[in-house]
Each structure stands twice: as structure tokens, then as C-alpha cells.
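Colleague: Mind having a look at this structure? Questions to follow.
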Amino acid sequence: MTEEPAARPAARPTAKAVKVVRRPELSFFEKLYVPQILSGLRITTAHFFRNLFIHIAHRLGRLRHLRAGVTFQYPEEQRPLMSRYRSRHRLTVREDGTPRCVGCMLCETVCPAKCITIVPGEHPDPGVEKYPVRFDIDLGVCVFCGYCVEVCPEDAIRMDTGILDLSAYSREAMRLDMHELMNPALKKPLGACSLDFPHACALDEGRLRGSWATPR
Ligand code: SF4
Ligand code: SF4
């Protein structure tokens with residue numbers, strides 16, 4: 001009979017492994033807060049006059065190499081977005097108008113927020129294995145990590161719509177279904193179903209009903 005090896009004692013953190021960072025004590029003047037407020041005002045004022053000076057110089061055709069701060073009058077005026085910016089999702093479509101998605105469920109599996117719901121179905125074309133009968137994304141839960149886009153083998157989902165105004169009056173309105181994902185111009189309340197391929201449409205007289213229920 002062999003003897004069980006003695007259990008190793010749990011490793012204790014050494015003095016080097018733990019770094020204690022003490023919060024610095026505020027000085028008397030810092031506790032007054034007024035000097036800090038004045039310091040902030042000084043920085044803001046310096047930025048204001050710097051921008052004002054550079055903008056006037058630009059008008060006079062000078063100092064073109066210097067950049068000045070610009071205020072965008074959002075929402076009337078939208079700031080240009082970088083090409084890699086993650087905005088609202090969309091599902092890309094084939095030439096025949098059907099989704100490129102093959103219902104592989106990779107995006108639903110990888111989603112850390114568990115906000116994607118896909119119900120795959122058999123595609124009528126034998127060359128395509130599956131397609132999404134339903135595809136929902138709950139934007140109220142999404143953390144915009146972009147994993148769903150990264151993992152997709154078919155380039156079927158993208159976050160390049162440039163749509164930033166995602167607010168809604170209800171949680172239900174934050175849940176995008178296939179209609180809105182395939183046509184980002186659509187917004188709830190949706191009209192008649194615009195999809196002419198077999199899918200589980202939950203539109204009923206313009207109202208989306210049972211969007212998370214089992215498809216018919
Ligand atoms: S962006 Fe991230 S959290 Fe949002 S649906 Fe995609 S994987 Fe999920
Ligand atoms: S990873 Fe792409 S192909 Fe797979 S279910 Fe998601 S969107 Fe469809």
C-alpha cells in the first residue's frame with residue numbers, strides 16, 4: 001500500500017508579492033477644495049483661449065499645422081466615426097435578400113452578455129446547411145465587445161451601421177429582431193413584415209409580439 005503524499009501547505013504571500021499603496025493624505029489647502037476648483041478653472045480657461053486663438057489664426061490662414069478643439073452640435077451634427085467604431089449591429093444579406101448567417105450559433109455561444117438568441121432552421125437550398133429562423137439581440141444587455149463580429153465565419157454580422165442613438169422607452173424596444181437587424185433603417189413599431197423567406201415572424205398588425213417565445 002502506497003502512502004498518500006503529504007498535502008503541501010498553502011503558499012503564503014511574501015512581502016514582495018503584496019504591494020500596499022497608501023492613499024496620500026490631503027493637505028490643508030486640498031481639503032479646502034477652493035484651490036482645486038480654481039486650478040480646474042485655470043485649465044478650462046487656458047483651453048478656451050488657446051482654441052479661440054487658433055481658430056482665429058485658421059480664419060486668417062495661419063497656424064494650419066495646429067489643431068484646435070471643435071464642438072459638434074449633437075444630435076443635429078454627428079461626429080465622424082472611426083472605421084473600427086462599434087455601433088449598432090446588422091445582419092449582412094446575400095444577393096437574394098436572405099441572411100448570410102448559417103445559424104452556426106458561434107456568436108450566441110461566445111457572447112459574454114448572453115444577449116443573442118438564435119433559432120436555426122433547415123435552409124431550402126441544400127448548398128446552405130442552415131439559416132436563422134429567428135435572430136434577436138437585446139441591446140439593453142449587450143456590452144458592445146464585438147466578439148460576435150470577430151467569431152463569425154461568414155461575415156454575417158457587423159457593427160458598422162454608425163447608429164449611436166440606441167435609447168428607447170421600453171426594454172422590448174431595445175430587443176432587435178431579424179427585421180431590424182437586416183434593415184437598420186427600421187425602428188419599432190415595425191410595419192408589415194418585409195422578409196419574404198421562411199422565418200418565424202412575430203409581427204402582428206405592426207406590433208412585435210412574443211419576440212422571445214418559441215417560434216411557430
Ligand atoms: S457585441 Fe458582445 S455583448 Fe454585444 S451581442 Fe456581440 S458578443 Fe454579445
Ligand atoms: S457566428 Fe455568424 S454565421 Fe454563426 S450564427 Fe452568428 S451570425 Fe450566424
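Chain labels run A, B, ... following the order of the C-alpha cells; each chain numbers its residues from 1, and ligands are numbered from 1 in the order shown.
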Per DSSP on the backbone, filter segment 29-214 of chain A down to the residues in helix (DSSP H, G or I) and report them as a ChimeraX atom specification.

Modeller: /A:29-32,34-59,106-110,147-151,172-174,178-182

Colleague: Could you please extract the residues within 8 Å of ligand 1, counting only C-alpha atoms and all ligand atoms, and hand them back as an NGL selection string?

Modeller: :A and (89 or 107-108 or 110-116 or 137-139 or 141-149 or 159)

Colleague: Would you write out, as CSV, a table of all residues in chain A that have an atom no more than 10 Å from an atom of ligand 2, listing for each the closest atom pair and the distance in Å to one decimal, considering only C-alpha atoms and all ligand atoms and ordering rows by chain and rising residue number?

Modeller:
residue,atom,partner,partner_atom_place_in_ligand_line,distance
A:Arg90,CA,ligand 2,7 (S),9.5
A:Leu91,CA,ligand 2,7 (S),7.1
A:Thr92,CA,ligand 2,7 (S),8.7
A:Pro99,CA,ligand 2,8 (Fe),8.5
A:Arg100,CA,ligand 2,3 (S),6.9
A:Cys101,CA,ligand 2,8 (Fe),3.6
A:Val102,CA,ligand 2,3 (S),4.5
A:Gly103,CA,ligand 2,5 (S),3.9
A:Cys104,CA,ligand 2,4 (Fe),3.9
A:Met105,CA,ligand 2,5 (S),4.0
A:Leu106,CA,ligand 2,1 (S),4.4
A:Cys107,CA,ligand 2,6 (Fe),4.2
A:Glu108,CA,ligand 2,6 (Fe),6.4
A:Thr109,CA,ligand 2,1 (S),8.7
A:Val110,CA,ligand 2,1 (S),8.8
A:Cys111,CA,ligand 2,6 (Fe),9.8
A:Ile116,CA,ligand 2,6 (Fe),8.7
A:Thr117,CA,ligand 2,5 (S),9.4
A:Ile118,CA,ligand 2,5 (S),7.0
A:Val119,CA,ligand 2,5 (S),9.1
A:Pro120,CA,ligand 2,5 (S),8.1
A:Lys130,CA,ligand 2,3 (S),9.1
A:Tyr131,CA,ligand 2,8 (Fe),7.6
A:Pro132,CA,ligand 2,8 (Fe),7.2
A:Phe135,CA,ligand 2,5 (S),8.4
A:Tyr147,CA,ligand 2,1 (S),9.5
A:Cys148,CA,ligand 2,1 (S),6.3
A:Val149,CA,ligand 2,1 (S),7.3
A:Glu150,CA,ligand 2,1 (S),8.5
A:Val151,CA,ligand 2,1 (S),5.9
A:Cys152,CA,ligand 2,1 (S),3.6
A:Pro153,CA,ligand 2,2 (Fe),5.8
A:Glu154,CA,ligand 2,3 (S),5.2
A:Asp155,CA,ligand 2,2 (Fe),6.3
A:Ala156,CA,ligand 2,7 (S),4.8
A:Ile157,CA,ligand 2,7 (S),4.9
A:Arg158,CA,ligand 2,7 (S),8.6

Colleague: Would you mind reading off the distance between atom CA of Leu164 of chain A and atom CA of Val133 of chain A, one decimal, in Å?

Modeller: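 Computing it gives 27.0 Å between the two atoms.
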
Colleague: Just list the residues in segment 38-164 of chain A DSSP gives strand (DSSP E or B) on the backbone, as a ChimeraX atom specification.

Modeller: /A:90-91,93,99,116-122,130-138,157-158

Colleague: List the spatial neighbours of Asp125 of chain A as a list of chain:residue names - criterion: any atom at most 12 Å away, only C-alpha atoms, same-chain residues fewer than 3 positions off excluded.

Modeller: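 Here the answer would be A:Asp96, A:Thr98, A:Val102, A:Gly121, A:Glu122, A:Val128, A:Glu129, A:Lys130, A:Tyr131, A:Phe197, A:Pro198.
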
Colleague: Give me the residues near Gly162 of chain A as a list of chain:residue names, where near means some atom within 8 Å (using only C-alpha atoms) and where sequence neighbours in that chain fewer than 3 positions away do not count.

Modeller: A:Leu81, A:Tyr85, A:Arg86, A:Ser87, A:Arg88, A:Met159

Colleague: For a test of reading the model, state the distance in Å between atom CA of Gly191 of chain A and atom CA of Arg94 of chain A, rounded to one decimal.

Modeller: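 A separation of 22.8 Å between them.
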
Colleague: For Ala192 of chain A, which residue out of A:His65, A:His179, A:Arg23, A:Arg79 is the nearest one, using only C-alpha atoms?

Modeller: A:His179
